[in-house]
>>> print(open('work04.pdb').read())   # PDB, C-alpha atoms, pLDDT in the B column
ATOM      1  CA  MET A   4       4.153 -80.128 184.008  1.00 89.00           C
ATOM      2  CA  ILE A   5       7.358 -78.486 182.803  1.00 95.00           C
ATOM      3  CA  ASP A   6       6.887 -74.849 181.829  1.00 96.00           C
ATOM      4  CA  THR A   7      10.439 -73.523 182.322  1.00 98.00           C
ATOM      5  CA  ILE A   8      13.716 -74.563 180.682  1.00 98.00           C
ATOM      6  CA  MET A   9      17.027 -73.516 182.239  1.00 98.00           C
ATOM      7  CA  PHE A  10      20.108 -73.740 180.039  1.00 98.00           C
ATOM      8  CA  ASP A  11      23.753 -73.647 181.021  1.00 98.00           C
ATOM      9  CA  LEU A  12      25.927 -71.739 178.530  1.00 98.00           C
ATOM     10  CA  ASP A  13      29.583 -72.833 178.356  1.00 97.00           C
ATOM     11  CA  GLY A  14      29.864 -76.392 177.096  1.00 96.00           C
ATOM     12  CA  THR A  15      26.094 -76.633 176.667  1.00 98.00           C
ATOM     13  CA  LEU A  16      24.777 -73.991 174.285  1.00 98.00           C
ATOM     14  CA  LEU A  17      28.374 -73.097 173.392  1.00 97.00           C
ATOM     15  CA  HIS A  18      30.436 -76.094 172.356  1.00 97.00           C
ATOM     16  CA  PHE A  19      33.930 -75.855 173.783  1.00 95.00           C
ATOM     17  CA  SER A  20      35.883 -77.325 176.676  1.00 91.00           C
ATOM     18  CA  GLN A  21      36.823 -75.316 179.741  1.00 90.00           C
ATOM     19  CA  ALA A  22      40.485 -76.149 179.138  1.00 92.00           C
ATOM     20  CA  ALA A  23      40.336 -74.668 175.627  1.00 93.00           C
ATOM     21  CA  PHE A  24      38.474 -71.624 176.927  1.00 95.00           C
ATOM     22  CA  MET A  25      41.055 -70.890 179.606  1.00 94.00           C
ATOM     23  CA  HIS A  26      43.909 -71.314 177.139  1.00 95.00           C
ATOM     24  CA  ALA A  27      42.327 -68.781 174.773  1.00 96.00           C
ATOM     25  CA  TYR A  28      40.979 -66.403 177.433  1.00 96.00           C
ATOM     26  CA  PHE A  29      43.882 -65.714 179.769  1.00 96.00           C
ATOM     27  CA  PRO A  30      46.452 -64.308 177.301  1.00 96.00           C
ATOM     28  CA  GLY A  31      44.078 -61.537 176.222  1.00 96.00           C
ATOM     29  CA  LEU A  32      43.070 -60.760 179.784  1.00 97.00           C
ATOM     30  CA  LYS A  33      46.704 -60.649 180.915  1.00 97.00           C
ATOM     31  CA  LYS A  34      47.460 -58.138 178.175  1.00 96.00           C
ATOM     32  CA  VAL A  35      44.643 -55.877 179.397  1.00 97.00           C
ATOM     33  CA  LEU A  36      45.783 -56.080 183.018  1.00 97.00           C
ATOM     34  CA  ALA A  37      49.379 -55.365 182.091  1.00 97.00           C
ATOM     35  CA  GLY A  38      48.198 -52.395 180.045  1.00 96.00           C
ATOM     36  CA  ILE A  39      46.884 -50.647 183.151  1.00 96.00           C
ATOM     37  CA  GLY A  40      50.043 -51.252 185.147  1.00 96.00           C
ATOM     38  CA  LEU A  41      49.377 -54.538 186.947  1.00 97.00           C
ATOM     39  CA  ASP A  42      51.767 -57.450 187.012  1.00 97.00           C
ATOM     40  CA  PRO A  43      49.780 -59.920 184.887  1.00 95.00           C
ATOM     41  CA  ASP A  44      50.724 -63.059 186.819  1.00 96.00           C
ATOM     42  CA  SER A  45      49.878 -61.425 190.154  1.00 97.00           C
ATOM     43  CA  ALA A  46      46.611 -60.154 188.685  1.00 97.00           C
ATOM     44  CA  ILE A  47      45.625 -63.634 187.514  1.00 97.00           C
ATOM     45  CA  ALA A  48      46.390 -64.952 190.998  1.00 97.00           C
ATOM     46  CA  ALA A  49      44.139 -62.188 192.345  1.00 98.00           C
ATOM     47  CA  LEU A  50      41.431 -63.256 189.895  1.00 97.00           C
ATOM     48  CA  TRP A  51      41.506 -66.775 191.336  1.00 97.00           C
ATOM     49  CA  THR A  52      41.285 -65.322 194.844  1.00 98.00           C
ATOM     50  CA  GLY A  53      38.172 -63.406 193.794  1.00 97.00           C
ATOM     51  CA  MET A  54      36.737 -66.508 192.170  1.00 96.00           C
ATOM     52  CA  GLY A  55      37.308 -68.404 195.386  1.00 96.00           C
ATOM     53  CA  LYS A  56      35.376 -65.833 197.397  1.00 96.00           C
ATOM     54  CA  MET A  57      32.489 -66.054 194.950  1.00 95.00           C
ATOM     55  CA  THR A  58      32.229 -69.819 195.070  1.00 93.00           C
ATOM     56  CA  ARG A  59      32.918 -70.352 198.796  1.00 92.00           C
ATOM     57  CA  ASP A  60      31.118 -67.481 200.505  1.00 90.00           C
ATOM     58  CA  GLY A  61      27.720 -67.656 198.852  1.00 90.00           C
ATOM     59  CA  GLY A  62      24.921 -65.483 200.212  1.00 92.00           C
ATOM     60  CA  ASN A  63      27.200 -62.788 201.603  1.00 87.00           C
ATOM     61  CA  GLY A  64      26.436 -59.947 199.200  1.00 94.00           C
ATOM     62  CA  SER A  65      26.477 -60.237 195.418  1.00 97.00           C
ATOM     63  CA  ASN A  66      29.024 -62.333 193.571  1.00 98.00           C
ATOM     64  CA  LYS A  67      30.367 -59.117 192.067  1.00 98.00           C
ATOM     65  CA  GLN A  68      30.991 -57.608 195.495  1.00 97.00           C
ATOM     66  CA  ARG A  69      32.792 -60.710 196.744  1.00 97.00           C
ATOM     67  CA  PHE A  70      34.873 -61.048 193.597  1.00 97.00           C
ATOM     68  CA  TRP A  71      36.232 -57.512 193.757  1.00 98.00           C
ATOM     69  CA  GLU A  72      36.824 -57.770 197.497  1.00 97.00           C
ATOM     70  CA  GLY A  73      38.981 -60.829 196.865  1.00 97.00           C
ATOM     71  CA  PHE A  74      40.717 -59.396 193.803  1.00 97.00           C
ATOM     72  CA  SER A  75      41.525 -56.021 195.327  1.00 97.00           C
ATOM     73  CA  GLY A  76      42.401 -57.486 198.706  1.00 97.00           C
ATOM     74  CA  HIS A  77      44.913 -59.833 197.090  1.00 97.00           C
ATOM     75  CA  LEU A  78      46.697 -56.941 195.362  1.00 97.00           C
ATOM     76  CA  GLY A  79      46.048 -54.234 197.942  1.00 97.00           C
ATOM     77  CA  LEU A  80      44.287 -52.031 195.384  1.00 96.00           C
ATOM     78  CA  ALA A  81      42.726 -48.709 196.263  1.00 96.00           C
ATOM     79  CA  GLU A  82      39.109 -48.127 195.226  1.00 95.00           C
ATOM     80  CA  GLU A  83      40.110 -45.879 192.318  1.00 96.00           C
ATOM     81  CA  MET A  84      42.439 -48.511 190.861  1.00 96.00           C
ATOM     82  CA  GLN A  85      39.826 -51.223 191.338  1.00 97.00           C
ATOM     83  CA  SER A  86      37.417 -49.119 189.289  1.00 97.00           C
ATOM     84  CA  ARG A  87      40.026 -48.767 186.534  1.00 97.00           C
ATOM     85  CA  VAL A  88      40.574 -52.524 186.452  1.00 97.00           C
ATOM     86  CA  GLU A  89      36.834 -53.217 186.299  1.00 98.00           C
ATOM     87  CA  ASP A  90      36.350 -50.730 183.445  1.00 98.00           C
ATOM     88  CA  ALA A  91      39.274 -52.218 181.522  1.00 98.00           C
ATOM     89  CA  CYS A  92      37.929 -55.749 181.953  1.00 97.00           C
ATOM     90  CA  ASN A  93      34.434 -54.747 180.859  1.00 98.00           C
ATOM     91  CA  ASN A  94      35.887 -53.093 177.754  1.00 98.00           C
ATOM     92  CA  PHE A  95      37.852 -56.264 177.029  1.00 98.00           C
ATOM     93  CA  TYR A  96      34.678 -58.367 177.195  1.00 98.00           C
ATOM     94  CA  VAL A  97      33.047 -56.374 174.406  1.00 98.00           C
ATOM     95  CA  THR A  98      36.164 -56.122 172.203  1.00 98.00           C
ATOM     96  CA  ASP A  99      39.177 -58.446 172.172  1.00 97.00           C
ATOM     97  CA  PHE A 100      37.369 -61.165 174.126  1.00 97.00           C
ATOM     98  CA  HIS A 101      35.617 -62.071 170.866  1.00 97.00           C
ATOM     99  CA  ALA A 102      38.856 -63.686 169.669  1.00 96.00           C
ATOM    100  CA  VAL A 103      38.033 -66.573 172.020  1.00 96.00           C
ATOM    101  CA  ARG A 104      35.140 -67.624 169.776  1.00 95.00           C
ATOM    102  CA  SER A 105      37.709 -69.250 167.465  1.00 95.00           C
ATOM    103  CA  ILE A 106      37.715 -72.283 169.776  1.00 95.00           C
ATOM    104  CA  LEU A 107      34.005 -72.988 169.220  1.00 95.00           C
ATOM    105  CA  ALA A 108      32.740 -76.115 167.547  1.00 93.00           C
ATOM    106  CA  PRO A 109      29.902 -74.766 165.358  1.00 88.00           C
ATOM    107  CA  THR A 110      26.301 -75.844 165.976  1.00 93.00           C
ATOM    108  CA  ASP A 111      22.934 -74.497 164.885  1.00 94.00           C
ATOM    109  CA  VAL A 112      21.046 -76.425 167.543  1.00 97.00           C
ATOM    110  CA  SER A 113      21.483 -73.886 170.353  1.00 97.00           C
ATOM    111  CA  ARG A 114      19.770 -70.965 168.654  1.00 97.00           C
ATOM    112  CA  ARG A 115      17.071 -73.158 167.131  1.00 97.00           C
ATOM    113  CA  LEU A 116      16.299 -74.928 170.411  1.00 98.00           C
ATOM    114  CA  VAL A 117      16.174 -71.850 172.634  1.00 98.00           C
ATOM    115  CA  ARG A 118      13.893 -69.978 170.260  1.00 97.00           C
ATOM    116  CA  ALA A 119      11.688 -72.995 169.619  1.00 97.00           C
ATOM    117  CA  MET A 120      11.066 -73.440 173.335  1.00 97.00           C
ATOM    118  CA  ALA A 121      10.159 -69.772 173.721  1.00 97.00           C
ATOM    119  CA  SER A 122       7.838 -69.909 170.705  1.00 96.00           C
ATOM    120  CA  LYS A 123       6.024 -72.863 172.260  1.00 95.00           C
ATOM    121  CA  GLY A 124       5.306 -70.880 175.411  1.00 95.00           C
ATOM    122  CA  TYR A 125       8.064 -72.064 177.721  1.00 97.00           C
ATOM    123  CA  ASP A 126       9.893 -69.621 179.964  1.00 98.00           C
ATOM    124  CA  VAL A 127      13.570 -69.868 179.003  1.00 98.00           C
ATOM    125  CA  ILE A 128      16.290 -68.991 181.535  1.00 98.00           C
ATOM    126  CA  LEU A 129      20.029 -68.785 181.015  1.00 98.00           C
ATOM    127  CA  ALA A 130      21.468 -70.447 184.119  1.00 98.00           C
ATOM    128  CA  THR A 131      25.151 -69.856 183.417  1.00 98.00           C
ATOM    129  CA  ASN A 132      27.489 -69.917 186.407  1.00 98.00           C
ATOM    130  CA  PRO A 133      27.412 -66.241 187.491  1.00 98.00           C
ATOM    131  CA  VAL A 134      31.117 -65.518 187.676  1.00 97.00           C
ATOM    132  CA  PHE A 135      31.205 -62.976 184.822  1.00 98.00           C
ATOM    133  CA  PRO A 136      29.648 -59.538 184.313  1.00 98.00           C
ATOM    134  CA  LEU A 137      26.603 -59.308 182.060  1.00 98.00           C
ATOM    135  CA  CYS A 138      28.663 -57.836 179.196  1.00 98.00           C
ATOM    136  CA  ALA A 139      30.779 -61.021 179.074  1.00 98.00           C
ATOM    137  CA  VAL A 140      27.647 -63.174 179.055  1.00 98.00           C
ATOM    138  CA  GLU A 141      26.158 -61.078 176.248  1.00 98.00           C
ATOM    139  CA  SER A 142      29.313 -61.542 174.168  1.00 98.00           C
ATOM    140  CA  ARG A 143      29.258 -65.314 174.630  1.00 97.00           C
ATOM    141  CA  LEU A 144      25.560 -65.461 173.780  1.00 97.00           C
ATOM    142  CA  GLY A 145      26.351 -63.670 170.546  1.00 97.00           C
ATOM    143  CA  TRP A 146      28.768 -66.453 169.623  1.00 97.00           C
ATOM    144  CA  ALA A 147      25.791 -68.816 169.725  1.00 96.00           C
ATOM    145  CA  GLY A 148      23.660 -66.466 167.632  1.00 96.00           C
ATOM    146  CA  LEU A 149      21.525 -65.589 170.642  1.00 97.00           C
ATOM    147  CA  GLU A 150      20.596 -62.362 172.435  1.00 96.00           C
ATOM    148  CA  THR A 151      19.593 -61.424 175.955  1.00 97.00           C
ATOM    149  CA  SER A 152      16.034 -60.937 174.678  1.00 97.00           C
ATOM    150  CA  ASP A 153      15.857 -64.690 173.994  1.00 98.00           C
ATOM    151  CA  PHE A 154      15.742 -65.324 177.757  1.00 98.00           C
ATOM    152  CA  LEU A 155      13.328 -64.387 180.492  1.00 98.00           C
ATOM    153  CA  TYR A 156      16.221 -64.218 182.970  1.00 98.00           C
ATOM    154  CA  ILE A 157      20.006 -64.393 182.768  1.00 98.00           C
ATOM    155  CA  SER A 158      22.240 -64.970 185.768  1.00 98.00           C
ATOM    156  CA  HIS A 159      25.466 -62.968 186.034  1.00 98.00           C
ATOM    157  CA  TYR A 160      27.744 -61.856 188.843  1.00 98.00           C
ATOM    158  CA  SER A 161      25.819 -58.655 189.639  1.00 98.00           C
ATOM    159  CA  ASN A 162      22.402 -60.260 190.146  1.00 98.00           C
ATOM    160  CA  SER A 163      23.481 -63.459 191.899  1.00 98.00           C
ATOM    161  CA  SER A 164      24.529 -64.296 195.446  1.00 98.00           C
ATOM    162  CA  TYR A 165      25.616 -67.897 194.885  1.00 98.00           C
ATOM    163  CA  CYS A 166      27.551 -69.970 192.360  1.00 97.00           C
ATOM    164  CA  LYS A 167      27.215 -73.517 191.106  1.00 97.00           C
ATOM    165  CA  PRO A 168      27.320 -76.149 192.511  1.00 97.00           C
ATOM    166  CA  ASP A 169      25.527 -74.618 195.519  1.00 97.00           C
ATOM    167  CA  PRO A 170      21.824 -75.582 195.231  1.00 97.00           C
ATOM    168  CA  SER A 171      21.055 -72.105 196.560  1.00 98.00           C
ATOM    169  CA  TYR A 172      22.131 -70.767 193.163  1.00 98.00           C
ATOM    170  CA  PHE A 173      19.118 -72.474 191.598  1.00 98.00           C
ATOM    171  CA  SER A 174      16.848 -71.689 194.541  1.00 98.00           C
ATOM    172  CA  GLU A 175      17.646 -67.992 194.139  1.00 98.00           C
ATOM    173  CA  ILE A 176      16.678 -68.020 190.464  1.00 98.00           C
ATOM    174  CA  LEU A 177      13.469 -69.946 191.066  1.00 97.00           C
ATOM    175  CA  GLN A 178      12.458 -67.665 193.919  1.00 97.00           C
ATOM    176  CA  LYS A 179      13.079 -64.548 191.823  1.00 97.00           C
ATOM    177  CA  MET A 180      11.034 -65.939 188.945  1.00 97.00           C
ATOM    178  CA  GLY A 181       8.255 -67.374 191.106  1.00 97.00           C
ATOM    179  CA  LYS A 182       8.902 -70.888 189.847  1.00 97.00           C
ATOM    180  CA  GLU A 183       8.458 -74.294 191.451  1.00 97.00           C
ATOM    181  CA  PRO A 184      11.316 -76.761 190.856  1.00 98.00           C
ATOM    182  CA  ARG A 185       8.919 -79.481 189.723  1.00 97.00           C
ATOM    183  CA  ASN A 186       7.909 -77.285 186.761  1.00 97.00           C
ATOM    184  CA  CYS A 187      11.503 -76.713 185.579  1.00 98.00           C
ATOM    185  CA  LEU A 188      14.106 -78.605 183.584  1.00 98.00           C
ATOM    186  CA  MET A 189      17.819 -77.799 183.881  1.00 98.00           C
ATOM    187  CA  ALA A 190      20.087 -78.681 180.950  1.00 98.00           C
ATOM    188  CA  GLY A 191      23.840 -78.530 181.434  1.00 98.00           C
ATOM    189  CA  ASN A 192      27.089 -80.324 180.672  1.00 98.00           C
ATOM    190  CA  ASN A 193      28.489 -80.758 184.184  1.00 97.00           C
ATOM    191  CA  PRO A 194      26.947 -83.392 186.484  1.00 98.00           C
ATOM    192  CA  SER A 195      28.446 -81.818 189.611  1.00 96.00           C
ATOM    193  CA  GLU A 196      27.438 -78.221 188.847  1.00 97.00           C
ATOM    194  CA  ASP A 197      24.277 -78.458 186.743  1.00 98.00           C
ATOM    195  CA  MET A 198      22.527 -81.646 187.800  1.00 98.00           C
ATOM    196  CA  VAL A 199      22.411 -80.402 191.411  1.00 97.00           C
ATOM    197  CA  ALA A 200      19.187 -78.664 190.364  1.00 98.00           C
ATOM    198  CA  GLY A 201      17.648 -82.113 190.670  1.00 98.00           C
ATOM    199  CA  VAL A 202      18.194 -82.017 194.433  1.00 97.00           C
ATOM    200  CA  LEU A 203      15.541 -79.295 194.548  1.00 98.00           C
ATOM    201  CA  GLY A 204      13.100 -81.373 192.534  1.00 98.00           C
ATOM    202  CA  ALA A 205      13.779 -80.025 189.045  1.00 98.00           C
ATOM    203  CA  GLU A 206      13.998 -82.331 186.053  1.00 98.00           C
ATOM    204  CA  THR A 207      17.508 -82.501 184.583  1.00 98.00           C
ATOM    205  CA  PHE A 208      19.215 -83.359 181.300  1.00 98.00           C
ATOM    206  CA  LEU A 209      22.987 -83.827 181.093  1.00 98.00           C
ATOM    207  CA  VAL A 210      24.314 -82.592 177.740  1.00 98.00           C
ATOM    208  CA  THR A 211      27.234 -84.739 176.651  1.00 97.00           C
ATOM    209  CA  ASP A 212      28.727 -83.005 173.572  1.00 97.00           C
ATOM    210  CA  CYS A 213      31.305 -81.202 175.760  1.00 97.00           C
ATOM    211  CA  LEU A 214      30.894 -83.143 178.983  1.00 97.00           C
ATOM    212  CA  GLU A 215      32.839 -81.729 181.950  1.00 96.00           C
ATOM    213  CA  ASN A 216      33.069 -84.389 184.644  1.00 96.00           C
ATOM    214  CA  GLU A 217      36.213 -83.749 186.649  1.00 92.00           C
ATOM    215  CA  ALA A 218      34.726 -85.496 189.693  1.00 92.00           C
ATOM    216  CA  GLY A 219      34.060 -88.718 187.776  1.00 94.00           C
ATOM    217  CA  VAL A 220      30.342 -88.757 188.550  1.00 95.00           C
ATOM    218  CA  ASP A 221      28.347 -91.711 187.183  1.00 95.00           C
ATOM    219  CA  VAL A 222      26.478 -90.016 184.336  1.00 95.00           C
ATOM    220  CA  SER A 223      24.092 -92.937 183.927  1.00 94.00           C
ATOM    221  CA  ALA A 224      22.277 -91.584 186.978  1.00 93.00           C
ATOM    222  CA  PHE A 225      20.918 -88.759 184.783  1.00 97.00           C
ATOM    223  CA  ARG A 226      18.890 -88.502 181.621  1.00 97.00           C
ATOM    224  CA  ASN A 227      21.636 -87.608 179.165  1.00 98.00           C
ATOM    225  CA  GLY A 228      22.503 -87.158 175.520  1.00 98.00           C
ATOM    226  CA  THR A 229      23.767 -84.671 172.966  1.00 98.00           C
ATOM    227  CA  LEU A 230      22.294 -81.217 172.542  1.00 98.00           C
ATOM    228  CA  ALA A 231      20.520 -82.518 169.435  1.00 97.00           C
ATOM    229  CA  GLN A 232      19.013 -85.328 171.512  1.00 98.00           C
ATOM    230  CA  LEU A 233      17.916 -82.776 174.118  1.00 98.00           C
ATOM    231  CA  GLU A 234      16.209 -80.887 171.304  1.00 97.00           C
ATOM    232  CA  GLU A 235      14.376 -84.043 170.260  1.00 97.00           C
ATOM    233  CA  TYR A 236      13.340 -84.753 173.848  1.00 97.00           C
ATOM    234  CA  LEU A 237      12.069 -81.230 174.504  1.00 96.00           C
ATOM    235  CA  MET A 238      10.244 -80.988 171.193  1.00 95.00           C
ATOM    236  CA  ARG A 239       8.463 -84.284 171.892  1.00 93.00           C
ATOM    237  CA  SER A 240       7.544 -83.026 175.348  1.00 89.00           C
ATOM    238  CA  ALA A 241       6.293 -79.731 173.905  1.00 85.00           C
ATOM    239  CA  ASP A 242       4.188 -81.536 171.294  1.00 77.00           C
ATOM    240  CA  ARG A 243       2.724 -83.778 173.988  1.00 76.00           C
ATOM    241  CA  LYS A 244       1.952 -80.742 176.140  1.00 72.00           C
ATOM    242  CA  GLU A 245       0.204 -78.998 173.242  1.00 68.00           C
ATOM    243  CA  SER A 246      -1.809 -82.150 172.527  1.00 62.00           C
ATOM    244  CA  GLU A 247      -2.945 -82.378 176.150  1.00 64.00           C
ATOM    245  CA  VAL A 248      -3.994 -78.711 176.143  1.00 57.00           C
ATOM    246  CA  ARG A 249      -6.000 -79.192 172.934  1.00 59.00           C
ATOM    247  CA  SER A 250      -7.636 -82.281 174.408  1.00 59.00           C
ATOM    248  CA  GLN A 251      -8.625 -80.419 177.578  1.00 59.00           C
ATOM    249  CA  LYS A 252     -10.096 -77.549 175.542  1.00 61.00           C
ATOM    250  CA  SER A 253     -12.210 -79.938 173.463  1.00 60.00           C
ATOM    251  CA  GLU A 254     -13.774 -81.644 176.503  1.00 58.00           C
TER     252      GLU A 254
END
>>> encode(input="work04.pdb", output="structure tokens")
Amino acid sequence: MIDTIMFDLDGTLLHFSQAAFMHAYFPGLKKVLAGIGLDPDSAIAALWTGMGKMTRDGGNGSNKQRFWEGFSGHLGLAEEMQSRVEDACNNFYVTDFHAVRSILAPTDVSRRLVRAMASKGYDVILATNPVFPLCAVESRLGWAGLETSDFLYISHYSNSSYCKPDPSYFSEILQKMGKEPRNCLMAGNNPSEDMVAGVLGAETFLVTDCLENEAGVDVSAFRNGTLAQLEEYLMRSADRKESEVRSQKSE
């Protein structure tokens, strides 16, 4: 029986495309990097190097450690300068980063669904690809009207050793939380990155409002629908679960 719901964030609880996000995100970040003396184009290239180390070298330290190794190695930064860059980026994520929310397509379903599942006794986990610091995740949650306290666990680059689509990303979360895959459902908008949780035995639901399917995966292989349809599905499941519990108690 499902007792844990894992939600992706970008494109799932937050309705926007990755292309729109990148277009809105990079100009502000470049401005911050230039402000501390880095060539912005070289710094963005370094960012992609760090991202590559996070996604390719899973299990070798935290994602945060691998990212900054790649970033600083690309630019030849000393430790003191790396610290300055990290501080500047973290400050950006709690200030000017909020301008990115202008790209959102508004929806009330995310907040309502997450809190409804928690109120019905489900453990709710934010399984967002852990390539950002927690402060950036907190800012994006705020755009959806949600808080860190709405989730039992949130993945971010400091507490994770793997990235999607590596199944070990999900295994790490489940191990930390003492969960069995068969008792979990993963909801996300990318069949290559999110539906891989099904390989472990978790139930999956592909959210199609902002579908990201660059690999051209056959989506009919997965239970799928809009976020509103996911809400309907989970609420029916929760009602059925409550009915079964009441029936068992009355026997």
>>> atom_distance(input="work04.pdb", atom1="atom CA of Ala27 of chain A", atom2="atom CA of Thr98 of chain A")
14.3 Å
>>> residues_around(input="work04.pdb", residues="Asn63 of chain A", least_positions_apart="4", cutoff="9 Å", atoms="only C-alpha atoms", output="PyMOL selection string")
chain A and resi 68-69+164-165
>>> write_last_selection(input="work04.pdb", atoms="C-alpha atoms", output="PDB file, in the coordinates of the input")
ATOM      1  CA  GLN A  68      30.991 -57.608 195.495  1.00 97.00           C
ATOM      2  CA  ARG A  69      32.792 -60.710 196.744  1.00 97.00           C
ATOM      3  CA  SER A 164      24.529 -64.296 195.446  1.00 98.00           C
ATOM      4  CA  TYR A 165      25.616 -67.897 194.885  1.00 98.00           C
TER       5      TYR A 165
END
>>> closest_residue(input="work04.pdb", among="A:Ala130, A:Lys67, A:Asn193, A:Lys167", to="Ser20 of chain A", atoms="only C-alpha atoms")
A:Asn193
>>> resolve_selection(input="work04.pdb", expression="the PyMOL selection byres ((chain A and resi 185-190) around 7)", output="ChimeraX atom specification")
/A:4-11,183-184,191,200,204-210
>>> write_last_selection(input="work04.pdb", atoms="C-alpha atoms", output="JSON list (two decimals), in the frame of the given file")
[["chain", "number", "residue", "atom", "x", "y", "z"],
["A", 4, "MET", "CA", 4.15, -80.13, 184.01],
["A", 5, "ILE", "CA", 7.36, -78.49, 182.80],
["A", 6, "ASP", "CA", 6.89, -74.85, 181.83],
["A", 7, "THR", "CA", 10.44, -73.52, 182.32],
["A", 8, "ILE", "CA", 13.72, -74.56, 180.68],
["A", 9, "MET", "CA", 17.03, -73.52, 182.24],
["A", 10, "PHE", "CA", 20.11, -73.74, 180.04],
["A", 11, "ASP", "CA", 23.75, -73.65, 181.02],
["A", 183, "GLU", "CA", 8.46, -74.29, 191.45],
["A", 184, "PRO", "CA", 11.32, -76.76, 190.86],
["A", 191, "GLY", "CA", 23.84, -78.53, 181.43],
["A", 200, "ALA", "CA", 19.19, -78.66, 190.36],
["A", 204, "GLY", "CA", 13.10, -81.37, 192.53],
["A", 205, "ALA", "CA", 13.78, -80.03, 189.04],
["A", 206, "GLU", "CA", 14.00, -82.33, 186.05],
["A", 207, "THR", "CA", 17.51, -82.50, 184.58],
["A", 208, "PHE", "CA", 19.22, -83.36, 181.30],
["A", 209, "LEU", "CA", 22.99, -83.83, 181.09],
["A", 210, "VAL", "CA", 24.31, -82.59, 177.74]]
>>> resolve_selection(input="work04.pdb", expression="the PyMOL selection byres ((chain A and resi 77) around 9)", output="VMD selection string")
chain A and resid 45 to 46 48 to 50 52 to 53 72 to 76 78 to 80
